[in-house]
Structures are given as C-alpha cells and as structure tokens.
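One structure is given here, and the rest of the page talks about it.
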Amino acid sequence: MTESKIFTLIIFITASAILAQSPSLLFQQALLKENGEGDLKGAVALYEKIVGDVAAERGLRAKAQLHIGMCWEKMGKQEAIVAYQRVLEDYKDQQIIAQEARDRLRLLKDQSMQIKTVKPIYNKIIESDDRIWGAHHSPNGKWIAIGNEDQIWLLNKNTMAIDTLARKIPQRKNKLKWRPDGNCISFISTNQANNTNNLWGLPINQENGLLQGNLSLLVEDVDIYWYDWHPNRNEICYTSRYNYPQWEIGIYSVDQKKKIWASEKTMPVSKIDWSSDGKNLYYAMWDTMNNINNYSTYYVDGKTKQEQKFSSGAVIVDISPNGNFIAYQLLGESDTNPILRLFSSPKNKTIDIKIRSNMLRLFEGSFTSHEKGIILPVANEKSSINKINLLNGSKSPFKSGEAFYNSP
C-alpha cells in the first residue's frame, strides 16, 4: 500500500513538471502576463523561452516572436522594430503571422515619421590651431572634456570657464569619452611604431575637475577603431581593423586585459554603442564595399549574440544615457544635406531633422547627460553647436559659452 502511494506521488510530480515546461502552457502564461497582469517584461521573458525552444512547434515560436514585438511596442521601445523584423527574417514561411508583423512594422514607421527643417544659429566658443578630435559630456553634467593634438580641456558648465586639464600629451586624442563612473577620461591614440590604435585613460574627479593620477594605457592588444564603455565601467565594446581587410566587433574586459567576445566582419565597421542598460549592442557596417551611402546599423542581442539589421542607410550616432532616445545619421545619395534621425522610445516617435552641409560627421555627436540635447561637430570656422529639443525637433542656440566643438 505504501509503495503504491509513493509510486503514484512520483508519477504525479513528474507529469506536473512536464506540463509546467510545455511551450503551449508557457504561451498561455505569457499571454496572461501581457494582457491580464500587465507585466510586459515578464511576458517577454516567457516568450523568449518559447522562441529559444527548438523542440517547440514552429508556428508557436513565430507567434511568441510576434508577441515579443507587441510587448516592446506597448512599452514604447525601439526593440519592437527589431522583434518584428526578426519575424519576417526567421518565420517568413508562417504567412499569417509574418503579414501581421509586416503590418505592425509599417504602421510603426508610418505613424511615427515627422520631418523638420533645421536652421542653425552659430556661436563660436573655442578656437584651436589644431583640429579638435573629441568632446564628451561628463556623467554628472558638470563638465565637457575637449581634446586636440596637444592637450585636453575641461569646460565648466556652471562658470563656462575653459581650463587646461593636461598639456603636451604626445598622443592625438581621438574619440574622447568619459567613463560611466566619471572618474576617467579615455581616448584613442595611434601608436606610430606599429600604426595601431590604443586606448588611454586620464584619471579625474568629476566633482571638482581635478586630476587624480597620471595618464595610463588601458588597452594595447586590440587595434581599436571605435569604442563605448559598458555601464559597469569594466568593459568596452569596440570595432577593430585587426587584420585588414578583415574587421571585428567585440567586447573587451579592461580590468582583465582580455577579449570576452569577438565576431569577424568582411565589411568595414565603424561606430558602436552599448544600449543604455548594457544588455545589447548597436554598430554600423558597410553593406557594399566602396560606397559609404550603403552603411546600415545592426543590433546584437547581448545574450544570444544574434545579429539583425536595425536600420538601412544609417550610421548610429548615440544612445541617450537613460535609453529614451536613439539617434542616427541617415546617408543618402548626396552628403550635402545630412539628416539626423531621432527615435523617442517613450513616445514611439521618429523625427528626421535636416542639418546643414557643414555638419557632415554627425556620428561623432553625443547626447548630453540630461538627455535634452545632442552635441554635434561642425566643419568650418564660422560654425559651432546648437541644441536640439528631442521631443519636438526644434533647434535653439546654446547659452553663451555652452557650445564647444569647433574645427577652424
């Protein structure tokens, strides 16, 4: 009698465990979270389990991928576009589901697009005998770091005073960035001995703007072309010309001095950025050799490392600190009329802003730390920086002394 009870109990528990892992049951639980409980992120997690289950029925996996997009769309996140595109790429044989994804994707684009014309106002604030190679807003919003061939300056946002932070640094300071903790200013410089790009760091206290030590070499075993700091401040994502004409994107641990992940590319890659939460990557790559207008932006899932095209004919500019905005430079048949595209996640709005022809290198721009503007480079002596309202696309000049990025 006792043995029979034990056997029955074991069978019951085992059957329950099997049922709990059923893709169909998971889908119903996900629907409940999505439509009943309003737990959209929890629903996405369950839908992702179904998509990743190769034993699940293909139609169910396609429906789960569609609902991932629907959840992101309800949250007003740009991941919805990526999710719908994945339905079209991975499940195009599921015609009804693919058509719904196509319709939702078209509706998102049709309803969100606005085009505004920008008329810049120029205020020259800083001059340099040499080209200014980089500028970036500090995480706390107090400073803007600026670098040229010989030195690094700090612009105090409160007093609008410009102070020299470091003089006669031998390396050219290209792609200047603050580390997310605000205790280091990093930049790329070229090692003339082997013609490779190394990453250097200058320790600084962002509260008072004072140096905390000497210049140090952060990364020397990767030929870095572009990079971005992970929010954890210990890792960078990078693009590299490590074995030209082969290119590479990857993740590098600055603390451990080693690559964590890398992927080879046959086409040139340029700008790369972490998402604001550090979970995913965006990078720009040529679609066709010898034609810069064929750049596209790609999305890399941080968990699976699967890559998808996010936007054609566009180079990513920057992702705002809180993830509310993503900016691209659109590349058309002519470089004479550059366009800055802004996508607002909370409002699910896309705004195209026509920029003057001397602002060609928009992809060198960066969001301000408070997300109320983008700092853009210009190309001649009479130009400087203007502020863009990310909510309505309007343009206005910085306050006196606030614009800083100028190439005389």
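Ligands are numbered from 1 in the order shown, residues from 1 within each chain, and chains are lettered A, B, ... in the order they appear in the structure tokens.
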Contacts of Ala284 in chain A at 8 Å (only C-alpha atoms; same-chain gap of 4+ positions) as an mmCIF file with all heavy atoms, in the first residue's frame:
data_model
loop_
_atom_site.group_PDB
_atom_site.id
_atom_site.type_symbol
_atom_site.label_atom_id
_atom_site.label_comp_id
_atom_site.auth_asym_id
_atom_site.auth_seq_id
_atom_site.Cartn_x
_atom_site.Cartn_y
_atom_site.Cartn_z
ATOM 1 N N VAL A 269 33.525 48.214 -40.457
ATOM 2 C CA VAL A 269 32.603 48.597 -39.386
ATOM 3 C C VAL A 269 33.127 49.874 -38.751
ATOM 4 O O VAL A 269 34.328 50.141 -38.745
ATOM 5 C CB VAL A 269 32.473 47.484 -38.326
ATOM 6 C CG1 VAL A 269 31.676 46.326 -38.849
ATOM 7 C CG2 VAL A 269 33.841 46.998 -37.862
ATOM 8 N N SER A 270 32.207 50.694 -38.219
ATOM 9 C CA SER A 270 32.659 51.968 -37.639
ATOM 10 C C SER A 270 32.078 52.154 -36.254
ATOM 11 O O SER A 270 32.507 51.515 -35.307
ATOM 12 C CB SER A 270 32.293 53.136 -38.557
ATOM 13 O OG SER A 270 30.893 53.227 -38.744
ATOM 14 N N LYS A 271 31.068 53.016 -36.109
ATOM 15 C CA LYS A 271 30.539 53.385 -34.794
ATOM 16 C C LYS A 271 29.897 52.192 -34.113
ATOM 17 O O LYS A 271 29.227 51.372 -34.744
ATOM 18 C CB LYS A 271 29.507 54.509 -34.986
ATOM 19 C CG LYS A 271 28.975 55.112 -33.698
ATOM 20 C CD LYS A 271 30.018 55.976 -33.016
ATOM 21 C CE LYS A 271 29.457 56.593 -31.725
ATOM 22 N NZ LYS A 271 28.534 57.704 -31.986
ATOM 23 N N ILE A 272 30.088 52.109 -32.790
ATOM 24 C CA ILE A 272 29.480 51.057 -31.990
ATOM 25 C C ILE A 272 29.055 51.645 -30.659
ATOM 26 O O ILE A 272 29.732 52.524 -30.118
ATOM 27 C CB ILE A 272 30.442 49.861 -31.791
ATOM 28 C CG1 ILE A 272 29.713 48.669 -31.159
ATOM 29 C CG2 ILE A 272 31.671 50.264 -30.975
ATOM 30 C CD1 ILE A 272 30.501 47.367 -31.217
ATOM 31 N N TYR A 295 26.012 52.230 -45.707
ATOM 32 C CA TYR A 295 26.095 51.897 -44.293
ATOM 33 C C TYR A 295 24.721 51.519 -43.756
ATOM 34 O O TYR A 295 23.705 52.102 -44.130
ATOM 35 C CB TYR A 295 26.596 53.097 -43.484
ATOM 36 C CG TYR A 295 28.064 53.062 -43.135
ATOM 37 C CD1 TYR A 295 28.933 54.028 -43.622
ATOM 38 C CD2 TYR A 295 28.569 52.081 -42.285
ATOM 39 C CE1 TYR A 295 30.272 54.025 -43.289
ATOM 40 C CE2 TYR A 295 29.908 52.063 -41.943
ATOM 41 C CZ TYR A 295 30.756 53.047 -42.441
ATOM 42 O OH TYR A 295 32.074 53.030 -42.105
ATOM 43 N N SER A 296 24.680 50.553 -42.839
ATOM 44 C CA SER A 296 23.472 50.226 -42.103
ATOM 45 C C SER A 296 23.832 50.006 -40.645
ATOM 46 O O SER A 296 24.982 49.702 -40.315
ATOM 47 C CB SER A 296 22.795 48.969 -42.662
ATOM 48 O OG SER A 296 22.222 49.228 -43.928
ATOM 49 N N THR A 297 22.839 50.177 -39.767
ATOM 50 C CA THR A 297 23.039 49.937 -38.343
ATOM 51 C C THR A 297 22.480 48.565 -37.985
ATOM 52 O O THR A 297 21.381 48.202 -38.400
ATOM 53 C CB THR A 297 22.355 51.030 -37.502
ATOM 54 O OG1 THR A 297 23.021 52.279 -37.730
ATOM 55 C CG2 THR A 297 22.419 50.708 -36.019
ATOM 56 N N TYR A 298 23.244 47.807 -37.207
ATOM 57 C CA TYR A 298 22.867 46.455 -36.809
ATOM 58 C C TYR A 298 22.707 46.373 -35.297
ATOM 59 O O TYR A 298 23.306 47.149 -34.543
ATOM 60 C CB TYR A 298 23.926 45.441 -37.274
ATOM 61 C CG TYR A 298 23.973 45.277 -38.774
ATOM 62 C CD1 TYR A 298 24.633 46.204 -39.568
ATOM 63 C CD2 TYR A 298 23.345 44.210 -39.394
ATOM 64 C CE1 TYR A 298 24.665 46.071 -40.948
ATOM 65 C CE2 TYR A 298 23.374 44.065 -40.769
ATOM 66 C CZ TYR A 298 24.038 44.998 -41.542
ATOM 67 O OH TYR A 298 24.059 44.866 -42.901
ATOM 68 N N ALA A 314 21.960 54.021 -42.573
ATOM 69 C CA ALA A 314 22.090 54.884 -41.399
ATOM 70 C C ALA A 314 23.271 54.441 -40.545
ATOM 71 O O ALA A 314 23.555 53.254 -40.425
ATOM 72 C CB ALA A 314 20.809 54.863 -40.573
ATOM 73 N N VAL A 315 23.949 55.436 -39.958
ATOM 74 C CA VAL A 315 25.031 55.184 -39.003
ATOM 75 C C VAL A 315 24.551 55.658 -37.636
ATOM 76 O O VAL A 315 24.071 56.789 -37.502
ATOM 77 C CB VAL A 315 26.310 55.939 -39.390
ATOM 78 C CG1 VAL A 315 27.391 55.751 -38.324
ATOM 79 C CG2 VAL A 315 26.824 55.464 -40.731
ATOM 80 N N ILE A 316 24.666 54.812 -36.634
ATOM 81 C CA ILE A 316 24.230 55.200 -35.303
ATOM 82 C C ILE A 316 25.077 56.361 -34.795
ATOM 83 O O ILE A 316 26.299 56.391 -34.993
ATOM 84 C CB ILE A 316 24.285 54.006 -34.336
ATOM 85 C CG1 ILE A 316 23.640 54.386 -32.998
ATOM 86 C CG2 ILE A 316 25.709 53.498 -34.153
ATOM 87 C CD1 ILE A 316 23.384 53.201 -32.101
#
Atomic distance CA of Thr368 in chain A - CA of Phe325 in chain A, expressed in Å with one decimal: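 Separating CA of Thr368 in chain A from CA of Phe325 in chain A is a distance of 11.5 Å.
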Coordinates-based distance that separates CA of Gly182 in chain A from CA of Trp274 in chain A (Å, one decimal): 17.0 Å
Two-atom distance - CA of Ser366 in chain A, CA of Trp247 in chain A (Å): 24.2 Å
Best match for closeness to Gly201 in chain A among A:Ser263, A:Gly213, A:Ala161, A:Leu218, counting only C-alpha atoms: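 So, comparing all the options, the nearest one is A:Leu218.
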10 Å contact set for Glu264 in chain A, only C-alpha atoms, chain neighbours under 6 positions out, as JSON, numbers by chain: {"A": [239, 240, 241, 242, 243, 246, 247, 248, 249, 250]}
Requested write-out: N, CA and C atoms of the selected residues, as a compact mmCIF listing (two decimals), in the first residue's frame:
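Produced file selection-v5.txt, reproduced below:
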# COMPACT_ATOMS: atom_id res chain seq x y z
N THR A 239 35.01 48.31 -32.25
CA THR A 239 35.21 47.85 -33.61
C THR A 239 36.70 47.94 -33.90
N SER A 240 37.20 47.06 -34.75
CA SER A 240 38.65 46.95 -34.92
C SER A 240 39.01 46.56 -36.35
N ARG A 241 40.11 47.12 -36.83
CA ARG A 241 40.71 46.71 -38.10
C ARG A 241 41.87 45.76 -37.77
N TYR A 242 41.56 44.66 -37.10
CA TYR A 242 42.62 43.85 -36.50
C TYR A 242 43.48 43.12 -37.54
N ASN A 243 42.92 42.84 -38.69
CA ASN A 243 43.68 42.11 -39.72
C ASN A 243 43.16 42.56 -41.09
N GLN A 246 40.15 42.37 -43.00
CA GLN A 246 39.18 41.82 -42.05
C GLN A 246 38.93 42.83 -40.94
N TRP A 247 37.66 42.94 -40.51
CA TRP A 247 37.28 43.80 -39.40
C TRP A 247 36.68 42.95 -38.29
N GLU A 248 36.45 43.59 -37.15
CA GLU A 248 35.97 42.83 -36.00
C GLU A 248 35.14 43.74 -35.09
N ILE A 249 34.07 43.17 -34.52
CA ILE A 249 33.40 43.81 -33.40
C ILE A 249 33.58 42.91 -32.19
N GLY A 250 33.59 43.48 -30.99
CA GLY A 250 33.82 42.63 -29.84
C GLY A 250 33.59 43.34 -28.52
Residue with smallest distance to Ile339 in chain A - pool A:Ala327, A:Ser369, A:Ala80, A:Trp143, counting only C-alpha atoms: A:Ala327
Those of range 82-329 of chain A in DSSP alpha helix (DSSP H), formatted as a PyMOL selection string: chain A and resi 82-90+95-112
Test item: residues at most 9 Å from Lys41 in chain A, only C-alpha atoms, excluding those fewer than 4 positions along its chain, as a PyMOL selection string: chain A and resi 33-34+45-46+71-72+75
A:Lys349, A:Lys279, A:His136, A:Arg86 ranked by distance to Phe310 in chain A, top pick (using only C-alpha atoms): A:Arg86
Of the listed residues A:Asp90, A:Asp103, A:Glu364, A:Asp228, that which approaches Gln65 in chain A most closely, counting only C-alpha atoms: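 Of the candidates, the smallest distance to Gln65 in chain A is held by A:Asp90.
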